[in-house]
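Here the structure comes first, spelled out in structure tokens, and everything after it is commentary.
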Protein chains: 2
Amino acid sequence: MTKKTPKHAYIKSYEYIRDKILNGELPRGTKLTEERIAEELGVSRTPVREAIRKLEQEGLILQKKVVNPTDSDLRNIFQVRILLEGYAARYSATYMSEESLEELWKCIVTARTGTTEEIMEANEKFHNIIVQTSNNPFMIDIIDRMQSIIYLFRKTVVYYKRPFLIDEHEQIYKAIYHHDGDEAERLMKEHLQKDLDFCLHYFQQ
Amino acid sequence: MTKKTPKHAYIKSYEYIRDKILNGELPRGTKLTEERIAEELGVSRTPVREAIRKLEQEGLILQKKVVNPTDSDLRNIFQVRILLEGYAARYSATYMSEESLEELWKCIVTARTGTTEEIMEANEKFHNIIVQTSNNPFMIDIIDRMQSIIYLFRKTVVYYKRPFLIDEHEQIYKAIYHHDGDEAERLMKEHLQKDLDFCLHYFQQ
DNA sequence: TTTAATTTTTTTGTATACAAATTTAATTAA
DNA sequence: TTAATTAAATTTGTATACAAAAAAATTAAA
């Protein structure tokens, strides 16, 4: 019965635009105008403007247009992700709690048996648990900001069923389980590099 | 005839607030109100509001208040900086141009002989050249966003004359000069770690 | 035809108004 | 006194209006 109505118009606008970009309804390169979106949402331009600014900061909108990342952009974004998540994986090997470890394992099980939508979620959660374990809100925030763009790639990886995706997750899990930080970092970096290579292959649509 | 508005009001507002925070005129913890700043600047609330949002994204303002970072915040921010600049240093050892290398050396010379203000600049430039060499706009952007906060610390390091600051720069320079990526990364990480330790010591104001 | 200059339309940036929410101050009850 | 309530004030979020700037369409000149 409780409908999750965002309290503020600018949050509503933000989520509306973001979701339209992420699910492809607003194709890359589309020019956004405050007026039109405001009309669609039945709000004024003021909150829409704020939402667009936020999306610009997140890199999903560039000069009023939906981003259209080049291969080089993808490589650059992943380079950062590899550094940060690699560190988080190493850190996790020492500091991850029992509960998180169990959660991590559940992600692997779900990803093996679930629907595409469940795999998407499990995949996201797997990485999230590790990132959260870094216990560095500043780092978490940076990765959060990348999340929207990362989502665009995760979709590719899951939808086109990249081979060994879950096997790699399992290997990472084991390294963390055995408190082997070096190995966890190495495997995570390798894993993300493969994601990147796979995406680059499929990204010339 | 051109108007007396060379810039946009929201840019003017952004720079005004940022500078006031960075030079200490707005002490940490100060609550900012859109109205007052708008009045001070002789503009309306609309552009001020936009500026504050941007500063919030950059981490200089948190919940309408000037940030007041804790020790733990400093550690977290530096952890990210160490990762990214460490990578950039390693990369620089292979890819830095002759011109940049010369510029880098100039920074060291200036820092040895210059005024405090010149040392500040040379210090900033030294790190900037290395970051730019990473040739990753995405990474550069993240470090840029941290720049305002980093500035707060750089001031501490230079003002209180942290020992061996420039010697460490010289060591890093040499490692890059000799294309020793491993060493460049190691030294850069060590260098930033010392900056952090020093700041933590002086930061109980 | 293309190119340049012009007008028209759209879109943005800013100011302003006002209600809702929040904070602060004042008042009352314990 | 302190705690709880209420009233006043400040501050925020949003809508709206309008001028400046940018983009698109039109016309004139090559």
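Simple scheme: letters A, B, ... for chains in structure tokens order, numbers from 1 for residues in each chain, numbers from 1 for ligands in the order shown.
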
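Cα RMSD of chain A against chain B, computed after a least-squares overlay on all Cα atoms in order: 1.9 Å.
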
*What are the DSSP strand (DSSP E or B) residues of segment 40-169 of chain A, as a list in words?*
Ile61, Leu62, Lys65 and Val66 of chain A

_Interatomic distance (Å, one decimal) between atom C1' of DA17 of chain D and atom CA of Arg45 of chain A_ =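 Atom CA of Arg45 of chain A lies 12.4 Å from atom C1' of DA17 of chain D.
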
Chain B residues near chain C (10 Å cut-off, only C-alpha atoms (C1' of nucleotides)) as a compact mmCIF listing (two decimals) with N, CA, C and O atoms, in the first residue's frame:
```
# COMPACT_ATOMS: atom_id res chain seq x y z
N HIS B 8 28.94 34.07 -14.99
CA HIS B 8 27.61 33.75 -14.50
C HIS B 8 27.58 33.91 -12.99
O HIS B 8 28.56 33.65 -12.31
N ALA B 9 26.42 34.27 -12.51
CA ALA B 9 26.27 34.48 -11.07
C ALA B 9 26.53 33.20 -10.29
O ALA B 9 27.06 33.24 -9.18
N TYR B 10 26.20 32.06 -10.87
CA TYR B 10 26.40 30.82 -10.10
C TYR B 10 27.88 30.46 -10.01
O TYR B 10 28.33 29.85 -9.04
N VAL B 43 23.19 38.93 -5.50
CA VAL B 43 22.47 38.12 -6.50
C VAL B 43 21.29 37.46 -5.80
O VAL B 43 21.09 37.63 -4.61
N SER B 44 20.52 36.71 -6.56
CA SER B 44 19.37 36.05 -5.95
C SER B 44 19.78 34.69 -5.39
O SER B 44 20.90 34.24 -5.58
N ARG B 45 18.86 34.03 -4.73
CA ARG B 45 19.18 32.75 -4.12
C ARG B 45 19.44 31.66 -5.15
O ARG B 45 20.21 30.72 -4.89
N THR B 46 18.81 31.77 -6.30
CA THR B 46 18.88 30.69 -7.30
C THR B 46 20.33 30.28 -7.63
O THR B 46 20.67 29.10 -7.50
N PRO B 47 21.18 31.22 -8.06
CA PRO B 47 22.56 30.80 -8.38
C PRO B 47 23.36 30.36 -7.15
O PRO B 47 24.21 29.48 -7.26
```

*Write out as a list of chain:residue names every residue belonging to chain B that has an atom at most 8 Å from any atom of chain A, counting only C-alpha atoms.*
B:Glu50, B:Gln57, B:Asp73, B:Asn76, B:Ile77, B:Val80, B:Leu83, B:Leu84, B:Asn136, B:Pro137, B:Phe138, B:Met139, B:Ile142

Go ahead and write the selection's residues with N, CA and C atoms as an mmCIF file, in the first residue's frame.
```
data_model
loop_
_atom_site.group_PDB
_atom_site.id
_atom_site.type_symbol
_atom_site.label_atom_id
_atom_site.label_comp_id
_atom_site.auth_asym_id
_atom_site.auth_seq_id
_atom_site.Cartn_x
_atom_site.Cartn_y
_atom_site.Cartn_z
ATOM 1 N N GLU B 50 22.674 26.774 -6.422
ATOM 2 C CA GLU B 50 23.392 25.899 -7.340
ATOM 3 C C GLU B 50 24.852 25.735 -6.902
ATOM 4 N N GLN B 57 28.744 18.413 -3.484
ATOM 5 C CA GLN B 57 29.268 17.282 -4.258
ATOM 6 C C GLN B 57 30.777 17.147 -4.071
ATOM 7 N N ASP B 73 38.296 10.995 8.718
ATOM 8 C CA ASP B 73 38.029 11.523 7.380
ATOM 9 C C ASP B 73 39.337 11.748 6.621
ATOM 10 N N ASN B 76 40.818 8.566 5.425
ATOM 11 C CA ASN B 76 40.070 7.991 4.305
ATOM 12 C C ASN B 76 40.336 8.717 2.996
ATOM 13 N N ILE B 77 40.353 10.022 3.091
ATOM 14 C CA ILE B 77 40.620 10.809 1.887
ATOM 15 C C ILE B 77 42.017 10.504 1.362
ATOM 16 N N VAL B 80 42.488 7.173 -0.525
ATOM 17 C CA VAL B 80 42.122 7.237 -1.941
ATOM 18 C C VAL B 80 43.203 7.961 -2.737
ATOM 19 N N LEU B 83 46.177 5.768 -3.361
ATOM 20 C CA LEU B 83 45.933 4.787 -4.421
ATOM 21 C C LEU B 83 46.069 5.424 -5.803
ATOM 22 N N LEU B 84 45.367 6.548 -5.987
ATOM 23 C CA LEU B 84 45.312 7.149 -7.319
ATOM 24 C C LEU B 84 46.642 7.790 -7.706
ATOM 25 N N ASN B 136 44.337 10.017 -17.776
ATOM 26 C CA ASN B 136 43.017 9.453 -17.519
ATOM 27 C C ASN B 136 42.104 10.566 -16.980
ATOM 28 N N PRO B 137 41.311 11.173 -17.879
ATOM 29 C CA PRO B 137 40.496 12.328 -17.487
ATOM 30 C C PRO B 137 39.572 12.012 -16.328
ATOM 31 N N PHE B 138 39.175 10.763 -16.269
ATOM 32 C CA PHE B 138 38.261 10.350 -15.221
ATOM 33 C C PHE B 138 38.959 10.404 -13.857
ATOM 34 N N MET B 139 40.186 9.877 -13.832
ATOM 35 C CA MET B 139 40.965 9.905 -12.605
ATOM 36 C C MET B 139 41.331 11.332 -12.231
ATOM 37 N N ILE B 142 38.477 13.004 -10.522
ATOM 38 C CA ILE B 142 38.274 12.619 -9.121
ATOM 39 C C ILE B 142 39.259 13.361 -8.224
#
```

*Please identify all polymer residues within 7 Å of segment 189-204 of chain A, counting only C-alpha atoms (C1' of nucleotides), omitting same-chain residues fewer than 4 positions from it, and present them as a PyMOL selection string.*
chain A and resi 71+78+82+86+153+156-157+168+185

*Using only C-alpha atoms (C1' of nucleotides), which residues sit within 9 Å of Ala51 of chain A once same-chain residues fewer than 4 positions away are excluded, as a ChimeraX atom specification?*
/A:10-15,17,46-47,55-56

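One finds atom CA of Lys161 of chain A at 13.0 Å from atom CA of Gly114 of chain A.
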
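Coordinates place atom CA of Val66 of chain B at a distance of 4.9 Å from atom CA of Gly29 of chain B.
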
*From a DSSP pass on the backbone, collect the residues of segment 7-39 of chain A flagged as alpha helix (DSSP H) and hand them back as a VMD selection string.*
chain A and resid 9 to 22 34 to 39

Write a file of the selected residues as a CSV table (one decimal), in the first residue's frame, keeping C-alpha atoms.
```csv
chain,number,residue,atom,x,y,z
A,9,ALA,CA,10.4,17.0,-6.6
A,10,TYR,CA,14.1,17.2,-7.3
A,11,ILE,CA,14.6,13.6,-6.0
A,12,LYS,CA,11.7,12.5,-8.1
A,13,SER,CA,13.2,14.3,-11.1
A,14,TYR,CA,16.7,12.8,-10.5
A,15,GLU,CA,15.4,9.3,-10.3
A,16,TYR,CA,13.2,9.7,-13.3
A,17,ILE,CA,15.9,11.0,-15.6
A,18,ARG,CA,18.5,8.6,-14.3
A,19,ASP,CA,16.3,5.5,-14.8
A,20,LYS,CA,15.3,6.6,-18.3
A,21,ILE,CA,19.0,6.8,-19.2
A,22,LEU,CA,19.9,3.5,-17.5
A,34,GLU,CA,14.5,21.2,-18.5
A,35,GLU,CA,11.2,22.4,-19.8
A,36,ARG,CA,10.1,19.1,-21.4
A,37,ILE,CA,11.1,16.9,-18.5
A,38,ALA,CA,9.4,19.3,-16.1
A,39,GLU,CA,6.2,19.0,-18.1
```

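Each of A:Ile140, A:Met188, A:Val48, A:Ile61 was compared to chain D using only C-alpha atoms (C1' of nucleotides), and A:Val48 turns out to be the nearest.
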
Counting only C-alpha atoms (C1' of nucleotides), which residues of chain D fall within 12 Å of chain B, and what is the closest atom pair for each with its distance in Å at one decimal, ordered by chain and rising number, as a Markdown table?
```
| residue | atom | partner | partner_atom | distance |
| --- | --- | --- | --- | --- |
| D:DT10 | C1' | B:Thr33 | CA | 9.9 |
| D:DT11 | C1' | B:Thr33 | CA | 7.4 |
| D:DT12 | C1' | B:Glu34 | CA | 8.9 |
| D:DG13 | C1' | B:Arg49 | CA | 10.9 |
| D:DT14 | C1' | B:Thr46 | CA | 11.5 |
| D:DA20 | C1' | B:Lys3 | CA | 11.2 |
| D:DA21 | C1' | B:His8 | CA | 11.9 |
```
